[in-house]
Amino acid sequence: MNIDLSKPDLNKPDNNNSENNKTDSKPQLTEKYKVDMFIGLNAENFHPHDLMIIKDKLEKMNDDKFFLIQGVELQKPSTILLIAVILGWERFWLGDIGLGILKIVTFYGCLIWWFVDIFSAKDRAKKHNFAKISKVLSMA
């Protein structure tokens with residue numbers, strides 16, 4: 001009994017391999033798989049009830065428009081919370097430029113505004129992300 005321990009020639013077709021007998025060797029991602037992958041990767045960026053709305057809209061969306069959703073830059077709520085605690089400048093990252101300037105000019109609202117924003121930072125980040133994704137979904 002001889003056992004061949006040499007490296008296989010990858011350029012030579014292997015008739016014993018059932019994968020090569022298939023006409024399409026690259027696995028095709030189904031729409032549902034893409035939607036589930038997107039939801040799984042971005043679950044922390046949205047409220048649970050918003051995830052259901054997003055999932056329904058993504059499943060109804062054409063496959064060729066899915067790249068629009070993948071290009072949306074979402075803010076991580078944990079990062080926004082960290083910015084709120086350390087700097088107090090999270091409003092700039094969430095698009096509230098005017099309120100951000102007002103907050104800094106008033107010395108963070110005599111520090112009261114800073115405390116309020118710390119407790120609401122994650123919620124505001126999730127609402128901001130949902131608004132961004134909803135805008136893109138309405139265009140698609």
# chains A, B, ... in the order shown; residues from 1 in each chain; ligands from 1
$ residues_around --residues "Gly100 (chain A)" --least-positions-apart "6" --cutoff "10 Å" --atoms "only C-alpha atoms" --output "PyMOL selection string"
chain A and resi 88-94+108
$ write_last_selection --atoms "N, CA and C atoms" --output "tab-separated table (two decimals), in the first residue's frame"
chain	number	residue	atom	x	y	z
A	88	GLY	N	-17.48	65.82	25.75
A	88	GLY	CA	-18.75	66.52	25.69
A	88	GLY	C	-19.05	67.06	24.30
A	89	TRP	N	-18.37	66.56	23.26
A	89	TRP	CA	-18.53	67.06	21.91
A	89	TRP	C	-19.29	66.10	21.01
A	90	GLU	N	-20.06	65.20	21.58
A	90	GLU	CA	-20.75	64.18	20.78
A	90	GLU	C	-21.78	64.77	19.83
A	91	ARG	N	-22.27	65.96	20.13
A	91	ARG	CA	-23.30	66.58	19.26
A	91	ARG	C	-22.74	66.87	17.87
A	92	PHE	N	-21.46	67.17	17.78
A	92	PHE	CA	-20.84	67.40	16.47
A	92	PHE	C	-20.84	66.12	15.64
A	93	TRP	N	-20.59	64.98	16.26
A	93	TRP	CA	-20.56	63.69	15.56
A	93	TRP	C	-21.96	63.26	15.15
A	94	LEU	N	-22.96	63.76	15.84
A	94	LEU	CA	-24.34	63.38	15.53
A	94	LEU	C	-25.04	64.41	14.65
A	108	TYR	N	-21.03	74.00	28.68
A	108	TYR	CA	-21.82	72.77	28.78
A	108	TYR	C	-23.10	72.98	29.58
$ residues_around --residues "region 61-74 of chain A" --least-positions-apart "2" --cutoff "6 Å" --atoms "only C-alpha atoms" --output "list in words"
Leu58, Glu59 and Asn129 of chain A
$ write_last_selection --atoms "C-alpha atoms" --output "PDB file, in the first residue's frame"
ATOM      1  CA  LEU A  58     -34.126  45.588   3.393  1.00  0.00           C
ATOM      2  CA  GLU A  59     -35.913  42.356   2.487  1.00  0.00           C
ATOM      3  CA  ASN A 129     -28.303  56.023  12.801  1.00  0.00           C
TER       4      ASN A 129
END
$ closest_residue --among "A:Ile80, A:Val35, A:Leu41, A:Ala140" --to "Ser120 (chain A)" --atoms "only C-alpha atoms"
A:Ile80
$ select_by_dssp --residues "region 63-127 of chain A" --states "alpha helix (DSSP H)" --output "PyMOL selection string"
chain A and resi 66-70+77-86+90-93+97-105+107-110+112-127
$ write_last_selection --atoms "C-alpha atoms" --output "mmCIF file, in the first residue's frame"
data_model
loop_
_atom_site.group_PDB
_atom_site.id
_atom_site.type_symbol
_atom_site.label_atom_id
_atom_site.label_comp_id
_atom_site.auth_asym_id
_atom_site.auth_seq_id
_atom_site.Cartn_x
_atom_site.Cartn_y
_atom_site.Cartn_z
ATOM 1 C CA PHE A 66 -28.029 46.928 -1.432
ATOM 2 C CA PHE A 67 -24.649 48.596 -1.937
ATOM 3 C CA LEU A 68 -26.234 51.927 -0.925
ATOM 4 C CA ILE A 69 -26.934 50.560 2.550
ATOM 5 C CA GLN A 70 -23.427 49.178 2.952
ATOM 6 C CA PRO A 77 -23.243 54.329 20.378
ATOM 7 C CA SER A 78 -20.428 53.223 22.683
ATOM 8 C CA THR A 79 -17.994 55.579 20.931
ATOM 9 C CA ILE A 80 -20.492 58.435 21.153
ATOM 10 C CA LEU A 81 -20.908 57.744 24.875
ATOM 11 C CA LEU A 82 -17.140 57.838 25.345
ATOM 12 C CA ILE A 83 -16.885 61.138 23.478
ATOM 13 C CA ALA A 84 -19.754 62.531 25.569
ATOM 14 C CA VAL A 85 -18.098 61.557 28.851
ATOM 15 C CA ILE A 86 -14.563 62.680 28.017
ATOM 16 C CA GLU A 90 -20.748 64.184 20.778
ATOM 17 C CA ARG A 91 -23.295 66.575 19.264
ATOM 18 C CA PHE A 92 -20.844 67.398 16.471
ATOM 19 C CA TRP A 93 -20.560 63.693 15.558
ATOM 20 C CA ILE A 97 -23.532 71.507 15.053
ATOM 21 C CA GLY A 98 -25.573 74.444 16.328
ATOM 22 C CA LEU A 99 -26.392 72.794 19.663
ATOM 23 C CA GLY A 100 -22.789 71.642 19.960
ATOM 24 C CA ILE A 101 -21.516 75.190 19.652
ATOM 25 C CA LEU A 102 -24.167 76.461 22.074
ATOM 26 C CA LYS A 103 -23.245 73.740 24.541
ATOM 27 C CA ILE A 104 -19.559 74.705 24.485
ATOM 28 C CA VAL A 105 -20.241 78.460 24.653
ATOM 29 C CA PHE A 107 -19.742 75.884 29.396
ATOM 30 C CA TYR A 108 -21.819 72.771 28.776
ATOM 31 C CA GLY A 109 -24.926 74.462 30.146
ATOM 32 C CA CYS A 110 -23.202 75.007 33.503
ATOM 33 C CA ILE A 112 -26.006 70.316 33.639
ATOM 34 C CA TRP A 113 -26.260 69.817 29.882
ATOM 35 C CA TRP A 114 -23.140 67.683 29.960
ATOM 36 C CA PHE A 115 -24.677 65.286 32.540
ATOM 37 C CA VAL A 116 -27.935 65.071 30.606
ATOM 38 C CA ASP A 117 -26.071 64.356 27.375
ATOM 39 C CA ILE A 118 -24.043 61.589 28.998
ATOM 40 C CA PHE A 119 -27.225 59.705 29.867
ATOM 41 C CA SER A 120 -28.859 60.317 26.500
ATOM 42 C CA ALA A 121 -25.834 59.878 24.200
ATOM 43 C CA LYS A 122 -26.405 56.239 23.246
ATOM 44 C CA ASP A 123 -30.101 56.789 22.594
ATOM 45 C CA ARG A 124 -29.400 59.822 20.411
ATOM 46 C CA ALA A 125 -26.739 57.906 18.476
ATOM 47 C CA LYS A 126 -29.195 55.091 17.747
ATOM 48 C CA LYS A 127 -31.857 57.576 16.620
#
$ closest_residue --among "A:Asn45, A:Leu87, A:Lys132, A:Gly95" --to "Leu111 (chain A)" --atoms "only C-alpha atoms"
A:Leu87
